[in-house]
$ cat run.txt   # compact mmCIF, C-alpha atoms
# COMPACT_ATOMS: atom_id res chain seq x y z
CA ASP A 104 49.53 -40.50 46.79
CA ARG A 105 50.40 -40.71 43.09
CA THR A 106 47.11 -42.21 41.99
CA PRO A 107 45.76 -41.91 38.41
CA TYR A 108 43.41 -39.21 39.68
CA TYR A 109 46.43 -37.26 40.95
CA TYR A 110 47.98 -37.26 37.48
CA CYS A 111 44.67 -36.15 35.95
CA LEU A 112 44.57 -33.20 38.32
CA ARG A 113 48.20 -32.40 37.52
CA LEU A 114 47.43 -32.45 33.80
CA LYS A 115 44.46 -30.15 34.38
CA GLU A 116 46.65 -27.83 36.47
CA LEU A 117 49.38 -27.83 33.81
CA ILE A 118 46.91 -26.84 31.08
CA SER A 119 45.37 -24.15 33.33
CA ASP A 120 48.80 -22.69 34.07
CA ARG A 121 49.66 -22.61 30.37
CA ILE A 122 46.36 -20.82 29.64
CA ASP A 123 47.22 -18.22 32.30
CA LEU A 124 50.66 -17.80 30.76
CA THR A 125 49.63 -17.43 27.12
CA MET A 126 46.17 -15.77 27.16
CA ASN A 127 44.74 -12.56 28.56
CA ASP A 128 42.89 -12.82 31.88
CA GLU A 129 39.28 -12.63 30.65
CA SER A 130 39.64 -14.93 27.62
CA GLY A 131 41.77 -17.38 29.59
CA ALA A 132 39.22 -17.52 32.41
CA LEU A 133 36.46 -18.10 29.87
CA LEU A 134 38.40 -20.92 28.17
CA LYS A 135 39.07 -22.60 31.54
CA GLY A 136 35.38 -22.29 32.36
CA MET A 137 34.40 -24.07 29.16
CA LEU A 138 37.09 -26.74 29.44
CA PHE A 139 36.96 -27.47 33.17
CA GLY A 140 33.94 -25.62 34.58
CA ASN A 141 36.30 -23.39 36.58
CA LYS A 142 34.63 -19.97 36.76
CA ASN A 143 36.83 -18.46 39.50
CA GLY A 144 38.74 -16.14 37.17
CA LEU A 145 35.70 -14.64 35.44
CA SER A 146 34.70 -11.09 36.26
CA TYR A 147 31.31 -10.45 37.82
CA GLU A 148 30.15 -8.55 34.72
CA THR A 149 30.97 -11.44 32.40
CA SER A 150 29.34 -14.03 34.66
CA LEU A 151 26.22 -11.88 34.93
CA ALA A 152 26.12 -11.41 31.14
CA PHE A 153 26.30 -15.17 30.54
CA ARG A 154 23.49 -15.82 33.04
CA SER A 155 21.29 -13.02 31.71
CA SER A 156 21.71 -14.06 28.08
CA GLY A 157 20.83 -17.69 28.83
CA ILE A 158 24.20 -19.18 27.88
CA ALA A 159 25.56 -19.83 31.39
CA HIS A 160 25.53 -23.55 30.55
CA LEU A 161 28.66 -22.91 28.47
CA LEU A 162 30.57 -22.48 31.72
CA ALA A 163 29.42 -25.76 33.28
CA VAL A 164 31.14 -28.79 31.77
CA SER A 165 28.20 -31.08 31.14
CA GLY A 166 26.38 -33.09 28.53
CA LEU A 167 26.26 -30.10 26.21
CA HIS A 168 30.05 -30.06 25.82
CA THR A 169 30.25 -33.83 25.50
CA ALA A 170 27.44 -33.91 22.96
CA LEU A 171 28.95 -31.09 20.91
CA TRP A 172 32.38 -32.75 20.75
CA CYS A 173 30.95 -36.16 19.88
CA GLY A 174 28.50 -34.75 17.37
CA LEU A 175 31.28 -32.88 15.59
CA ILE A 176 33.62 -35.89 15.57
CA LEU A 177 30.94 -38.24 14.26
CA SER A 178 29.85 -35.75 11.60
CA VAL A 179 33.41 -35.22 10.36
CA LEU A 180 34.09 -38.97 10.28
CA LYS A 181 30.83 -39.52 8.42
CA ALA A 182 31.83 -36.86 5.88
CA LEU A 183 35.14 -38.69 5.47
CA LYS A 184 33.15 -41.88 4.83
CA ALA A 185 34.61 -43.68 7.83
CA LYS A 186 32.99 -46.97 8.78
CA GLU A 187 30.49 -46.97 11.59
CA ARG A 188 32.58 -49.21 13.84
CA ALA A 189 35.70 -47.12 13.30
CA SER A 190 33.78 -43.94 14.08
CA ALA A 191 32.42 -45.48 17.27
CA VAL A 192 35.92 -46.52 18.40
CA VAL A 193 37.37 -43.06 17.72
CA CYS A 194 34.54 -41.38 19.59
CA ILE A 195 34.78 -43.73 22.58
CA ILE A 196 38.56 -43.14 22.79
CA PHE A 197 37.87 -39.42 22.76
CA LEU A 198 35.31 -39.80 25.55
CA VAL A 199 37.85 -41.64 27.71
CA GLY A 200 40.34 -38.82 27.16
CA PHE A 201 37.68 -36.18 27.81
CA VAL A 202 36.77 -37.81 31.13
CA ILE A 203 40.46 -37.84 32.11
CA ILE A 204 41.16 -34.24 31.09
CA SER A 205 38.10 -33.09 33.05
CA ALA A 206 39.53 -34.86 36.13
CA PHE A 207 36.59 -37.30 36.26
CA THR A 208 33.94 -34.61 36.62
CA PRO A 209 30.68 -36.46 37.48
CA SER A 210 28.65 -34.64 34.83
CA VAL A 211 31.18 -35.58 32.13
CA ILE A 212 31.18 -39.20 33.29
CA ARG A 213 27.38 -39.34 33.10
CA ALA A 214 27.30 -37.71 29.67
CA SER A 215 30.06 -40.00 28.41
CA LEU A 216 28.20 -43.08 29.63
CA MET A 217 25.16 -41.92 27.69
CA MET A 218 27.16 -41.44 24.52
CA VAL A 219 28.99 -44.77 24.92
CA SER A 220 25.66 -46.57 25.27
CA VAL A 221 24.64 -45.03 21.95
CA LEU A 222 27.95 -45.86 20.23
CA ILE A 223 28.62 -49.37 21.50
CA ALA A 224 26.19 -51.34 19.31
CA PRO A 225 28.29 -51.19 16.09
CA LEU A 226 31.23 -52.71 17.96
CA PHE A 227 29.21 -55.91 18.37
CA ASN A 228 27.94 -55.92 14.78
CA ARG A 229 24.52 -54.80 15.90
CA LYS A 230 22.47 -51.99 14.54
CA GLY A 231 22.01 -49.62 17.43
CA ASP A 232 18.94 -47.59 18.18
CA ALA A 233 20.20 -44.29 19.52
CA LEU A 234 17.06 -43.27 21.40
CA ASN A 235 16.70 -46.71 23.03
CA SER A 236 20.38 -46.65 24.01
CA LEU A 237 19.99 -43.20 25.51
CA GLY A 238 16.92 -44.36 27.42
CA LEU A 239 18.84 -47.36 28.74
CA ALA A 240 21.73 -45.17 29.89
CA ILE A 241 19.37 -42.77 31.68
CA THR A 242 17.60 -45.71 33.34
CA LEU A 243 20.87 -47.24 34.57
CA ILE A 244 22.10 -43.92 35.92
CA LEU A 245 18.83 -43.26 37.76
CA VAL A 246 18.68 -46.80 39.14
CA SER A 247 22.21 -46.44 40.50
CA ASN A 248 21.30 -43.13 42.14
CA PRO A 249 17.73 -41.77 41.83
CA TYR A 250 18.88 -38.38 43.13
CA ASN A 251 20.67 -37.86 39.83
CA ALA A 252 17.28 -36.79 38.47
CA LEU A 253 17.63 -33.60 40.52
CA SER A 254 21.11 -32.83 39.21
CA ILE A 255 21.36 -29.89 36.81
CA SER A 256 24.32 -31.46 35.03
CA PHE A 257 22.44 -34.75 34.58
CA GLN A 258 19.44 -32.95 33.13
CA LEU A 259 21.65 -30.97 30.77
CA SER A 260 23.47 -34.16 29.79
CA ALA A 261 20.23 -35.95 28.96
CA VAL A 262 18.55 -33.19 26.97
CA ALA A 263 21.74 -32.16 25.14
CA THR A 264 22.42 -35.74 24.03
CA PHE A 265 18.79 -36.10 22.97
CA GLY A 266 19.08 -32.86 21.00
CA VAL A 267 22.19 -34.07 19.16
CA LEU A 268 20.46 -37.32 18.24
CA CYS A 269 17.47 -35.40 16.93
CA SER A 270 19.75 -33.23 14.81
CA MET A 271 21.21 -36.13 12.79
CA GLN A 272 18.26 -36.60 10.44
CA PHE A 273 17.91 -32.85 9.99
CA GLN A 274 21.62 -32.64 9.13
CA GLU A 275 21.20 -35.10 6.28
CA LYS A 276 18.28 -33.14 4.80
CA LEU A 277 20.08 -29.83 5.18
CA PHE A 278 23.27 -31.17 3.62
CA SER A 279 21.35 -32.68 0.72
CA ALA A 280 19.55 -29.40 0.02
CA THR A 281 22.63 -27.18 0.45
CA CYS A 282 25.29 -29.23 -1.30
CA ARG A 283 23.21 -30.47 -4.20
CA HIS A 284 25.08 -28.27 -6.66
CA ILE A 285 28.55 -28.54 -5.11
CA HIS A 286 30.59 -30.98 -7.17
CA LEU A 287 34.03 -30.61 -5.57
CA GLU A 288 34.30 -33.35 -2.96
CA PRO A 289 36.70 -31.50 -0.59
CA LEU A 290 34.36 -28.48 -0.62
CA ARG A 291 31.36 -30.71 0.02
CA ARG A 292 33.10 -32.24 3.04
CA LEU A 293 34.02 -28.82 4.39
CA VAL A 294 30.47 -27.50 4.01
CA ASN A 295 29.09 -30.68 5.55
CA SER A 296 31.39 -30.33 8.57
CA LEU A 297 30.42 -26.69 9.09
CA LEU A 298 26.70 -27.44 8.75
CA ALA A 299 27.03 -30.38 11.12
CA SER A 300 28.75 -28.34 13.83
CA VAL A 301 26.13 -25.58 13.54
CA CYS A 302 23.26 -28.08 13.64
CA VAL A 303 24.69 -29.86 16.67
CA SER A 304 25.18 -26.54 18.47
CA VAL A 305 21.70 -25.28 17.62
CA PHE A 306 19.83 -28.45 18.56
CA ALA A 307 21.81 -28.98 21.77
CA SER A 308 21.23 -25.35 22.74
CA ILE A 309 17.51 -25.40 21.98
CA PHE A 310 16.97 -28.57 23.98
CA THR A 311 18.98 -27.30 26.96
CA LEU A 312 17.30 -23.89 26.93
CA PRO A 313 14.29 -24.79 29.15
CA VAL A 314 16.52 -26.52 31.71
CA SER A 315 18.96 -23.60 31.80
CA ALA A 316 16.13 -21.07 32.07
CA TYR A 317 14.52 -22.97 34.93
CA HIS A 318 17.65 -23.47 37.01
CA PHE A 319 19.43 -20.18 36.36
CA GLY A 320 16.25 -18.17 36.87
CA VAL A 321 16.54 -16.07 33.73
CA PHE A 322 14.63 -16.29 30.49
CA ASN A 323 15.67 -14.14 27.58
CA LEU A 324 13.51 -13.70 24.52
CA LEU A 325 16.69 -13.57 22.45
CA SER A 326 18.38 -16.51 24.16
CA PRO A 327 17.69 -18.91 21.25
CA VAL A 328 19.46 -16.45 18.95
CA GLY A 329 22.16 -15.97 21.55
CA ASN A 330 22.67 -19.70 21.81
CA ILE A 331 22.90 -20.06 18.05
CA LEU A 332 25.50 -17.30 17.83
CA CYS A 333 27.42 -17.84 21.05
CA VAL A 334 27.46 -21.63 21.37
CA THR A 335 28.78 -22.17 17.85
CA LEU A 336 31.39 -19.42 18.23
CA ALA A 337 32.38 -20.54 21.73
CA PHE A 338 32.68 -24.13 20.58
CA TYR A 339 35.10 -23.17 17.81
CA GLY A 340 36.95 -20.94 20.27
CA MET A 341 37.25 -23.87 22.66
CA ILE A 342 38.62 -26.10 19.86
CA PHE A 343 41.15 -23.54 18.65
CA GLY A 344 42.17 -22.70 22.22
CA PHE A 345 42.62 -26.32 23.23
CA VAL A 346 44.69 -27.10 20.12
CA GLY A 347 46.71 -23.90 20.52
CA ILE A 348 47.53 -24.66 24.14
CA GLY A 349 48.38 -28.27 23.30
CA VAL A 350 50.68 -27.26 20.44
CA SER A 351 52.44 -24.73 22.69
CA PHE A 352 54.02 -27.61 24.63
CA ILE A 353 56.00 -28.65 21.50
CA PRO A 354 59.20 -26.54 21.43
CA THR A 355 59.67 -25.86 17.71
CA ALA A 356 59.47 -22.64 15.72
CA ILE A 357 56.56 -23.88 13.61
CA THR A 358 54.49 -25.03 16.59
CA LYS A 359 55.17 -21.78 18.44
CA ALA A 360 53.94 -19.77 15.45
CA LEU A 361 50.88 -22.01 15.09
CA SER A 362 50.14 -21.79 18.81
CA PHE A 363 50.46 -17.99 18.72
CA ALA A 364 48.03 -17.75 15.79
CA LEU A 365 45.48 -20.13 17.33
CA ILE A 366 45.58 -18.46 20.73
CA ASN A 367 45.08 -15.02 19.21
CA LEU A 368 42.19 -16.37 17.17
CA THR A 369 40.74 -17.92 20.33
CA GLU A 370 40.95 -14.63 22.20
CA PHE A 371 39.20 -12.82 19.35
CA ILE A 372 36.40 -15.39 19.24
CA LEU A 373 35.88 -15.45 23.00
CA ASP A 374 35.88 -11.64 23.17
CA LEU A 375 33.21 -11.69 20.48
CA VAL A 376 31.17 -14.22 22.45
CA THR A 377 31.42 -12.06 25.56
CA ALA A 378 30.30 -9.00 23.59
CA PHE A 379 27.28 -10.91 22.23
CA ALA A 380 26.42 -12.14 25.73
CA LYS A 381 26.56 -8.64 27.19
CA THR A 382 24.45 -7.21 24.38
CA ILE A 383 21.80 -9.90 24.59
CA GLY A 384 21.90 -9.90 28.39
CA ASN A 385 20.71 -6.31 28.46
CA ILE A 386 17.35 -7.46 27.02
CA SER A 387 16.71 -10.21 29.58
CA ILE A 388 13.25 -10.73 31.11
$ encode --input "run.txt" --output "structure tokens"
Amino acid sequence: DRTPYYYCLRLKELISDRIDLTMNDESGALLKGMLFGNKNGLSYETSLAFRSSGIAHLLAVSGLHTALWCGLILSVLKALKAKERASAVVCIIFLVGFVIISAFTPSVIRASLMMVSVLIAPLFNRKGDALNSLGLAITLILVSNPYNALSISFQLSAVATFGVLCSMQFQEKLFSATCRHIHLEPLRRLVNSLLASVCVSVFASIFTLPVSAYHFGVFNLLSPVGNILCVTLAFYGMIFGFVGIGVSFIPTAITKALSFALINLTEFILDLVTAFAKTIGNISI
């Protein structure tokens, strides 16, 4: 039956087919793993390297991905001096689209509910408390189904969102110290956006590290470094890849050239991530 869920699956299939058509096998499989959690196309060596290096959570669409996207969007909007209510609306609209594009993956729904609970207060002219909102979302999810506490994706969602929230105050201090002598406003915004994305990646990775190590059975002494390097790179690769694939559906010369450039850049970044994972994975304990 042509239900909304059917069309979500068709959209997911259409994007997957376009990735297969425009990208090489290994990079395309890695991009699909990060976007949809589909790891079927990955080689055994790559999957083993991601597990051994402690970054296997990149291939499971969960709270980490949701938190990274939302953290980046909110940081960019803040740098652009957008109002709090407008930022919340933009982020909530993105979350709805992210849930749809992931074909209503339960982990994405749970993570999105957590983020919405954090973002909804400004819409009612209330000053929200992010940690209290997160606690409320976790409580509601566990009350609805206590077995969610045993879910790896739920645990990753909770700790990744908590990590992003903890990074906000640190971002302000880091931006203040770094950009104190930068007077050009466009350059300040660019630096702020880059610092914000790195901070969000680092904090989300650090907070998810114990959960990933426990469930995937591998602890790597270099995994914090691997997460800092690989998560940030992979996140940018995922952004460029998603935009490149999306632009490829527009049949104009300019969009084809842009799509070609973005997809090649995505392949380079994802190949670099895989190389880092394999190198770090060889030192696993």
$ residues_around --input "run.txt" --residues "range 129-145 of chain A" --least-positions-apart "3" --cutoff "6 Å" --atoms "all atoms listed in the file" --output "list in words"
Ile122, Met126, Leu161, Leu162, Ala163, Val164, Ser205, Glu370 and Leu373 of chain A
$ residues_around --input "run.txt" --residues "Leu253 in chain A" --least-positions-apart "6" --cutoff "12 Å" --atoms "only C-alpha atoms" --output "list of chain:residue names"
A:Leu245, A:Leu259, A:Val314, A:His318
$ closest_residue --input "run.txt" --among "A:Leu226, A:Val334, A:Ala299, A:Ala364" --to "Gly157 in chain A" --atoms "only C-alpha atoms"
A:Val334
$ residues_near_point --input "run.txt" --point "(17.5, -25.6, 18.7)" --cutoff "12 Å" --atoms "all atoms listed in the file" --output "PyMOL selection string"
chain A and resi 262-263+265-267+269-270+273+301-313+326-332+334-335
$ write_last_selection --input "run.txt" --atoms "C-alpha atoms" --output "PDB file, in the coordinates of the input"
ATOM      1  CA  VAL A 262      18.550 -33.190  26.970  1.00  0.00           C
ATOM      2  CA  ALA A 263      21.740 -32.160  25.140  1.00  0.00           C
ATOM      3  CA  PHE A 265      18.790 -36.100  22.970  1.00  0.00           C
ATOM      4  CA  GLY A 266      19.080 -32.860  21.000  1.00  0.00           C
ATOM      5  CA  VAL A 267      22.190 -34.070  19.160  1.00  0.00           C
ATOM      6  CA  CYS A 269      17.470 -35.400  16.930  1.00  0.00           C
ATOM      7  CA  SER A 270      19.750 -33.230  14.810  1.00  0.00           C
ATOM      8  CA  PHE A 273      17.910 -32.850   9.990  1.00  0.00           C
ATOM      9  CA  VAL A 301      26.130 -25.580  13.540  1.00  0.00           C
ATOM     10  CA  CYS A 302      23.260 -28.080  13.640  1.00  0.00           C
ATOM     11  CA  VAL A 303      24.690 -29.860  16.670  1.00  0.00           C
ATOM     12  CA  SER A 304      25.180 -26.540  18.470  1.00  0.00           C
ATOM     13  CA  VAL A 305      21.700 -25.280  17.620  1.00  0.00           C
ATOM     14  CA  PHE A 306      19.830 -28.450  18.560  1.00  0.00           C
ATOM     15  CA  ALA A 307      21.810 -28.980  21.770  1.00  0.00           C
ATOM     16  CA  SER A 308      21.230 -25.350  22.740  1.00  0.00           C
ATOM     17  CA  ILE A 309      17.510 -25.400  21.980  1.00  0.00           C
ATOM     18  CA  PHE A 310      16.970 -28.570  23.980  1.00  0.00           C
ATOM     19  CA  THR A 311      18.980 -27.300  26.960  1.00  0.00           C
ATOM     20  CA  LEU A 312      17.300 -23.890  26.930  1.00  0.00           C
ATOM     21  CA  PRO A 313      14.290 -24.790  29.150  1.00  0.00           C
ATOM     22  CA  SER A 326      18.380 -16.510  24.160  1.00  0.00           C
ATOM     23  CA  PRO A 327      17.690 -18.910  21.250  1.00  0.00           C
ATOM     24  CA  VAL A 328      19.460 -16.450  18.950  1.00  0.00           C
ATOM     25  CA  GLY A 329      22.160 -15.970  21.550  1.00  0.00           C
ATOM     26  CA  ASN A 330      22.670 -19.700  21.810  1.00  0.00           C
ATOM     27  CA  ILE A 331      22.900 -20.060  18.050  1.00  0.00           C
ATOM     28  CA  LEU A 332      25.500 -17.300  17.830  1.00  0.00           C
ATOM     29  CA  VAL A 334      27.460 -21.630  21.370  1.00  0.00           C
ATOM     30  CA  THR A 335      28.780 -22.170  17.850  1.00  0.00           C
TER      31      THR A 335
END
$ closest_residue --input "run.txt" --among "A:Ser362, A:Ser279, A:Thr369, A:Ser260" --to "Leu336 in chain A" --atoms "all atoms listed in the file"
A:Thr369
$ residues_around --input "run.txt" --residues "Phe278 in chain A" --least-positions-apart "6" --cutoff "9 Å" --atoms "only C-alpha atoms" --output "PyMOL selection string"
chain A and resi 291+294-295+298-299
$ atom_distance --input "run.txt" --atom1 "CA of Leu177 in chain A" --atom2 "CA of Ile342 in chain A"
15.4 Å
$ closest_residue --input "run.txt" --among "A:Leu114, A:Ala337, A:Leu290, A:Ile366" --to "Ser351 in chain A" --atoms "all atoms listed in the file"
A:Ile366
$ atom_distance --input "run.txt" --atom1 "CA of Thr242 in chain A" --atom2 "CA of Ala224 in chain A"
17.4 Å
$ closest_residue --input "run.txt" --among "A:Ala378, A:Val211, A:Ala191, A:Cys111" --to "Thr264 in chain A" --atoms "only C-alpha atoms"
A:Val211
$ residues_around --input "run.txt" --residues "Thr382 in chain A" --least-positions-apart "3" --cutoff "10 Å" --atoms "all atoms listed in the file" --output "PyMOL selection string"
chain A and resi 152+155-156+329+376-379+385-387
$ write_last_selection --input "run.txt" --atoms "C-alpha atoms" --output "PDB file, in the frame of the given file"
ATOM      1  CA  ALA A 152      26.120 -11.410  31.140  1.00  0.00           C
ATOM      2  CA  SER A 155      21.290 -13.020  31.710  1.00  0.00           C
ATOM      3  CA  SER A 156      21.710 -14.060  28.080  1.00  0.00           C
ATOM      4  CA  GLY A 329      22.160 -15.970  21.550  1.00  0.00           C
ATOM      5  CA  VAL A 376      31.170 -14.220  22.450  1.00  0.00           C
ATOM      6  CA  THR A 377      31.420 -12.060  25.560  1.00  0.00           C
ATOM      7  CA  ALA A 378      30.300  -9.000  23.590  1.00  0.00           C
ATOM      8  CA  PHE A 379      27.280 -10.910  22.230  1.00  0.00           C
ATOM      9  CA  ASN A 385      20.710  -6.310  28.460  1.00  0.00           C
ATOM     10  CA  ILE A 386      17.350  -7.460  27.020  1.00  0.00           C
ATOM     11  CA  SER A 387      16.710 -10.210  29.580  1.00  0.00           C
TER      12      SER A 387
END
$ atom_distance --input "run.txt" --atom1 "CA of Ala170 in chain A" --atom2 "CA of Ser256 in chain A"
12.7 Å
$ closest_residue --input "run.txt" --among "A:Thr281, A:Gln258, A:Asn367, A:Ser150" --to "Gly384 in chain A" --atoms "only C-alpha atoms"
A:Ser150
$ residues_around --input "run.txt" --residues "Ile244 in chain A" --least-positions-apart "4" --cutoff "12 Å" --atoms "all atoms listed in the file" --output "ChimeraX atom specification"
/A:209-210,212-217,220,237-240,248-252,254,257-258,260-261
$ closest_residue --input "run.txt" --among "A:Pro107, A:Pro225, A:Gly340, A:Gly347" --to "Arg188 in chain A" --atoms "all atoms listed in the file"
A:Pro225
